[in-house]
$ cat my_file.txt   # compact mmCIF, C-alpha atoms
# COMPACT_ATOMS: atom_id res chain seq x y z
CA ASP A 25 177.30 -2.08 -41.05
CA ASN A 26 175.35 1.06 -40.14
CA GLY A 27 178.22 2.75 -38.31
CA ILE A 28 176.94 1.97 -34.80
CA GLY A 29 178.18 -1.59 -34.54
CA ILE A 30 174.98 -3.45 -35.45
CA ASP A 31 174.04 -4.64 -38.91
CA PRO A 32 170.56 -3.29 -39.72
CA GLU A 33 169.05 -6.76 -40.19
CA TYR A 34 170.06 -7.71 -36.64
CA LYS A 35 167.97 -4.99 -34.92
CA GLU A 36 164.91 -7.20 -34.94
CA LYS A 37 166.92 -10.24 -33.83
CA ILE A 38 168.33 -8.35 -30.84
CA PHE A 39 164.82 -7.44 -29.75
CA GLY A 40 163.66 -11.00 -30.45
CA VAL A 41 166.24 -12.47 -28.07
CA PHE A 42 165.33 -9.91 -25.42
CA PHE A 43 161.60 -10.51 -25.83
CA VAL A 44 161.92 -14.33 -25.74
CA VAL A 45 163.99 -14.10 -22.54
CA SER A 46 161.31 -11.77 -21.08
CA LEU A 47 158.55 -14.23 -21.97
CA LEU A 48 160.49 -17.14 -20.42
CA SER A 49 161.10 -15.09 -17.29
CA ALA A 50 157.37 -14.30 -17.05
CA ALA A 51 156.32 -17.90 -17.69
CA LEU A 52 158.67 -19.29 -15.04
CA GLY A 53 157.84 -16.63 -12.42
CA ILE A 54 155.87 -17.11 -9.22
CA ASN A 55 152.73 -15.56 -10.75
CA PRO A 56 152.92 -15.97 -14.56
CA GLY A 57 149.52 -14.33 -15.13
CA HIS A 58 150.62 -11.15 -13.38
CA SER A 59 154.01 -11.24 -15.12
CA PHE A 60 152.45 -11.48 -18.59
CA GLN A 61 149.99 -8.73 -17.73
CA MET A 62 152.88 -6.43 -16.78
CA ILE A 63 154.82 -7.23 -19.96
CA PHE A 64 151.92 -6.31 -22.19
CA LYS A 65 150.48 -3.51 -20.07
CA LYS A 66 153.11 -1.64 -18.10
CA ASP A 67 156.35 -2.41 -19.95
CA PHE A 68 154.93 -2.22 -23.46
CA TYR A 69 156.90 0.97 -24.09
CA LEU A 70 160.00 -1.18 -24.73
CA LEU A 71 158.26 -2.68 -27.73
CA ILE A 72 157.36 0.79 -28.93
CA ALA A 73 160.98 1.93 -28.63
CA VAL A 74 162.29 -1.05 -30.59
CA VAL A 75 159.64 -0.84 -33.30
CA LEU A 76 160.38 2.87 -33.70
CA ILE A 77 164.09 2.17 -34.18
CA ALA A 78 163.38 -0.73 -36.54
CA LEU A 79 161.00 1.32 -38.70
CA VAL A 80 163.23 4.36 -39.05
CA ARG A 81 165.04 3.97 -42.35
CA ASP A 82 167.14 7.14 -42.18
CA ARG A 83 170.55 6.09 -40.87
CA ALA A 84 171.30 9.37 -39.08
CA GLN A 85 167.91 9.42 -37.33
CA SER A 86 168.26 5.76 -36.34
CA GLU A 87 171.68 6.44 -34.83
CA ARG A 88 170.36 9.44 -32.88
CA LEU A 89 167.44 7.44 -31.46
CA LEU A 90 169.70 4.56 -30.47
CA LYS A 91 172.22 6.90 -28.83
CA LEU A 92 169.38 8.59 -26.93
CA PHE A 93 168.07 5.22 -25.75
CA MET A 94 171.53 4.16 -24.58
CA ALA A 95 172.10 7.50 -22.83
CA ALA A 96 168.76 7.15 -21.04
CA GLY A 97 169.80 3.64 -19.97
CA VAL A 98 173.06 4.85 -18.47
CA ALA A 99 171.28 7.75 -16.72
CA THR A 100 168.79 5.28 -15.23
CA ALA A 101 171.63 3.00 -14.11
CA VAL A 102 173.50 5.91 -12.51
CA TRP A 103 170.36 7.02 -10.65
CA GLY A 104 169.91 3.52 -9.22
CA VAL A 105 173.53 3.32 -8.09
CA VAL A 106 173.14 6.76 -6.47
CA GLN A 107 170.02 5.57 -4.62
CA TYR A 108 171.98 2.58 -3.35
CA ALA A 109 174.92 4.75 -2.26
CA ILE A 110 172.67 7.19 -0.37
CA GLY A 111 171.10 4.25 1.44
CA VAL A 112 167.60 5.55 2.24
CA ASN A 113 165.55 2.41 2.85
CA LEU A 114 161.75 2.58 2.92
CA VAL A 115 159.11 -0.02 3.71
CA ASP A 116 157.11 1.42 0.81
CA LYS A 117 156.70 4.87 -0.70
CA GLY A 118 153.26 5.34 0.82
CA ASP A 119 154.16 3.75 4.16
CA PRO A 120 154.98 6.17 6.99
CA TYR A 121 157.68 3.85 8.36
CA ILE A 122 161.27 4.24 7.24
CA ILE A 123 163.79 1.42 7.75
CA TYR A 124 166.86 3.65 7.42
CA LEU A 125 167.29 7.37 6.84
CA PRO A 126 170.67 9.15 7.11
CA GLN A 127 170.71 11.71 9.92
CA VAL A 128 171.35 14.60 7.52
CA MET A 129 168.07 13.83 5.71
CA ARG A 130 165.81 13.70 8.81
CA HIS A 131 164.05 16.99 7.99
CA TRP A 132 163.89 16.65 4.20
CA PRO A 133 160.48 16.59 2.49
CA ARG A 134 158.99 13.11 2.19
CA GLY A 135 158.67 13.42 -1.60
CA LEU A 136 162.42 13.92 -1.95
CA ILE A 137 163.12 11.07 0.47
CA ASN A 138 160.84 8.82 -1.61
CA LEU A 139 162.68 9.85 -4.78
CA LEU A 140 166.05 8.95 -3.26
CA GLY A 141 164.86 5.84 -1.43
CA MET A 142 165.00 2.12 -1.97
CA ILE A 143 162.17 -0.22 -1.02
CA ASN A 144 163.22 -2.97 1.39
CA GLY A 145 166.83 -2.54 0.30
CA ARG A 146 166.00 -2.84 -3.42
CA VAL A 147 166.81 0.02 -5.78
CA LEU A 148 163.95 1.50 -7.83
CA GLY A 149 165.94 3.72 -10.18
CA THR A 150 163.53 5.77 -12.25
CA ARG A 151 160.76 3.16 -12.09
CA GLY A 152 158.14 2.38 -9.43
CA HIS A 153 159.36 -1.14 -8.70
CA PRO A 154 162.80 -2.80 -8.50
CA LEU A 155 161.80 -5.52 -10.95
CA ALA A 156 160.50 -3.03 -13.55
CA TYR A 157 163.75 -1.07 -13.10
CA ALA A 158 165.91 -4.14 -13.69
CA GLU A 159 163.84 -5.28 -16.67
CA CYS A 160 164.29 -1.88 -18.33
CA LEU A 161 168.05 -2.12 -17.88
CA LEU A 162 168.15 -5.54 -19.56
CA PHE A 163 167.55 -4.15 -23.03
CA ASN A 164 170.37 -1.64 -22.62
CA TRP A 165 172.53 -4.52 -21.35
CA ALA A 166 171.79 -6.56 -24.49
CA LEU A 167 172.51 -3.69 -26.87
CA ALA A 168 175.73 -2.78 -25.05
CA ILE A 169 176.96 -6.36 -25.48
CA PHE A 170 176.35 -6.12 -29.24
CA PHE A 171 178.08 -2.75 -29.37
CA LEU A 172 181.03 -4.23 -27.48
CA LEU A 173 181.28 -7.16 -29.87
CA GLY A 174 181.12 -4.85 -32.90
CA SER A 175 183.38 -2.11 -31.54
CA ARG A 176 186.53 -1.00 -33.27
CA ASP A 177 189.71 0.59 -31.98
CA ARG A 178 189.27 1.77 -28.38
CA ALA A 179 185.47 1.97 -28.45
CA TRP A 180 185.35 -1.35 -26.58
CA ILE A 181 186.54 0.43 -23.41
CA LYS A 182 183.41 2.63 -23.44
CA TRP A 183 181.16 -0.43 -23.79
CA ILE A 184 182.96 -2.36 -21.04
CA LEU A 185 182.40 0.62 -18.70
CA TYR A 186 178.76 0.82 -19.81
CA LEU A 187 178.27 -2.89 -19.09
CA ILE A 188 179.91 -2.57 -15.66
CA LEU A 189 177.66 0.36 -14.74
CA VAL A 190 174.46 -1.29 -15.98
CA GLY A 191 175.57 -4.57 -14.37
CA ALA A 192 176.06 -2.79 -11.02
CA ALA A 193 172.60 -1.25 -11.35
CA LEU A 194 171.14 -4.69 -12.11
CA LEU A 195 172.83 -6.10 -9.01
CA VAL A 196 171.54 -3.41 -6.64
CA SER A 197 167.99 -3.96 -7.92
CA GLN A 198 168.21 -7.35 -6.18
CA SER A 199 165.99 -8.91 -8.85
CA ARG A 200 166.97 -12.53 -9.44
CA GLY A 201 164.95 -12.97 -12.65
CA PRO A 202 166.73 -10.12 -14.45
CA TRP A 203 170.07 -11.41 -13.14
CA ILE A 204 169.35 -14.77 -14.78
CA ALA A 205 168.15 -13.02 -17.95
CA ALA A 206 171.31 -10.87 -18.06
CA ALA A 207 173.48 -13.98 -17.79
CA LEU A 208 171.43 -15.66 -20.56
CA ILE A 209 171.72 -12.59 -22.78
CA ALA A 210 175.50 -12.44 -22.21
CA PHE A 211 175.79 -16.14 -23.01
CA LEU A 212 173.69 -15.89 -26.16

$ encode --input "my_file.txt" --output "structure tokens"
Amino acid sequence: DNGIGIDPEYKEKIFGVFFVVSLLSAALGINPGHSFQMIFKKDFYLLIAVVLIALVRDRAQSERLLKLFMAAGVATAVWGVVQYAIGVNLVDKGDPYIIYLPQVMRHWPRGLINLLGMINGRVLGTRGHPLAYAECLLFNWALAIFFLLGSRDRAWIKWILYLILVGAALLVSQSRGPWIAAALIAFL
């Protein structure tokens, strides 16, 4: 055990499960060609993050990187939940039409409104598309489940709260594919 709840030899297996579920989701999507292109083009940074963690052999550095990744995941989830709570609803970021804008925000700059807004009722979080946002949260979801299963004493409470927050962010993304993937990851 490396002190963070995951045996070192399981790091690659965790990513393997996540990556296989991503490939299945892409293959079974409406436009598999586009889905595969996005996995290997736009969302390739996930692979870089996992390879970096897997290649780092210094335990302290590995723990710091993993904690940073998990903190970034929770910050992204919080931002998405905040966007949902504010309720700004845009047709698209470049579109001049706004579906819903709270009265207090009527005179705010459009850039700030875009930052706080959802697209067609779907949360974007820190990404440019609800699906990309939800897919990014899936890896944090998978790791949090492993941390929960390996937690000792009262650490499980922290991971339950983490899973609830990331789960809420996944729900407000309104992305069915990641919902199915999250259920598969939890089951596995």

$ atom_distance --input "my_file.txt" --atom1 "CA of Gly104 in chain A" --atom2 "CA of Tyr157 in chain A"
8.6 Å

$ atom_distance --input "my_file.txt" --atom1 "CA of Val106 in chain A" --atom2 "CA of Met94 in chain A"
18.4 Å

$ atom_distance --input "my_file.txt" --atom1 "CA of Ile209 in chain A" --atom2 "CA of Leu48 in chain A"
12.3 Å

$ closest_residue --input "my_file.txt" --among "A:Val105, A:Leu173, A:Ala168, A:Val190" --to "Leu140 in chain A" --atoms "only C-alpha atoms"
A:Val105

$ residues_around --input "my_file.txt" --residues "Leu212 in chain A" --least-positions-apart "2" --cutoff "12 Å" --atoms "only C-alpha atoms" --output "list in words"
Lys37, Ile38, Gly40, Val41, Phe42, Val44, Val45, Ala166, Ile169, Phe170, Ala205, Ala206, Ala207, Leu208, Ile209 and Ala210 of chain A

$ closest_residue --input "my_file.txt" --among "A:Ile143, A:Leu136, A:Ile184, A:Leu194" --to "Tyr124 in chain A" --atoms "only C-alpha atoms"
A:Ile143

$ residues_around --input "my_file.txt" --residues "Gly97 in chain A" --least-positions-apart "4" --cutoff "7 Å" --atoms "only C-alpha atoms" --output "list in words"
Phe93, Ala101, Leu161 and Asn164 of chain A

$ closest_residue --input "my_file.txt" --among "A:Ile181, A:Leu162, A:Met142, A:Leu172" --to "Val98 in chain A" --atoms "only C-alpha atoms"
A:Leu162

$ closest_residue --input "my_file.txt" --among "A:Val102, A:Ile54, A:Ile137, A:Leu125" --to "Leu189 in chain A" --atoms "only C-alpha atoms"
A:Val102

$ residues_around --input "my_file.txt" --residues "range 126-133 of chain A" --least-positions-apart "3" --cutoff "10 Å" --atoms "only C-alpha atoms" --output "VMD selection string"
chain A and resid 110 to 113 136 to 138

$ closest_atom_pairs --input "my_file.txt" --of "range 122-148 of chain A" --to "range 152-155 of chain A" --cutoff "10 Å" --atoms "all atoms listed in the file" --output "tab-separated table"
residue	atom	partner	partner_atom	distance
A:Leu139	CA	A:Gly152	CA	9.9
A:Met142	CA	A:Pro154	CA	8.5
A:Ile143	CA	A:Pro154	CA	7.9
A:Asn144	CA	A:Pro154	CA	9.9
A:Gly145	CA	A:Pro154	CA	9.7
A:Arg146	CA	A:Pro154	CA	6.0
A:Val147	CA	A:Pro154	CA	5.6
A:Leu148	CA	A:Pro154	CA	4.5

$ closest_residue --input "my_file.txt" --among "A:Trp165, A:Val80, A:Phe211, A:Gly149" --to "Val196 in chain A" --atoms "only C-alpha atoms"
A:Gly149
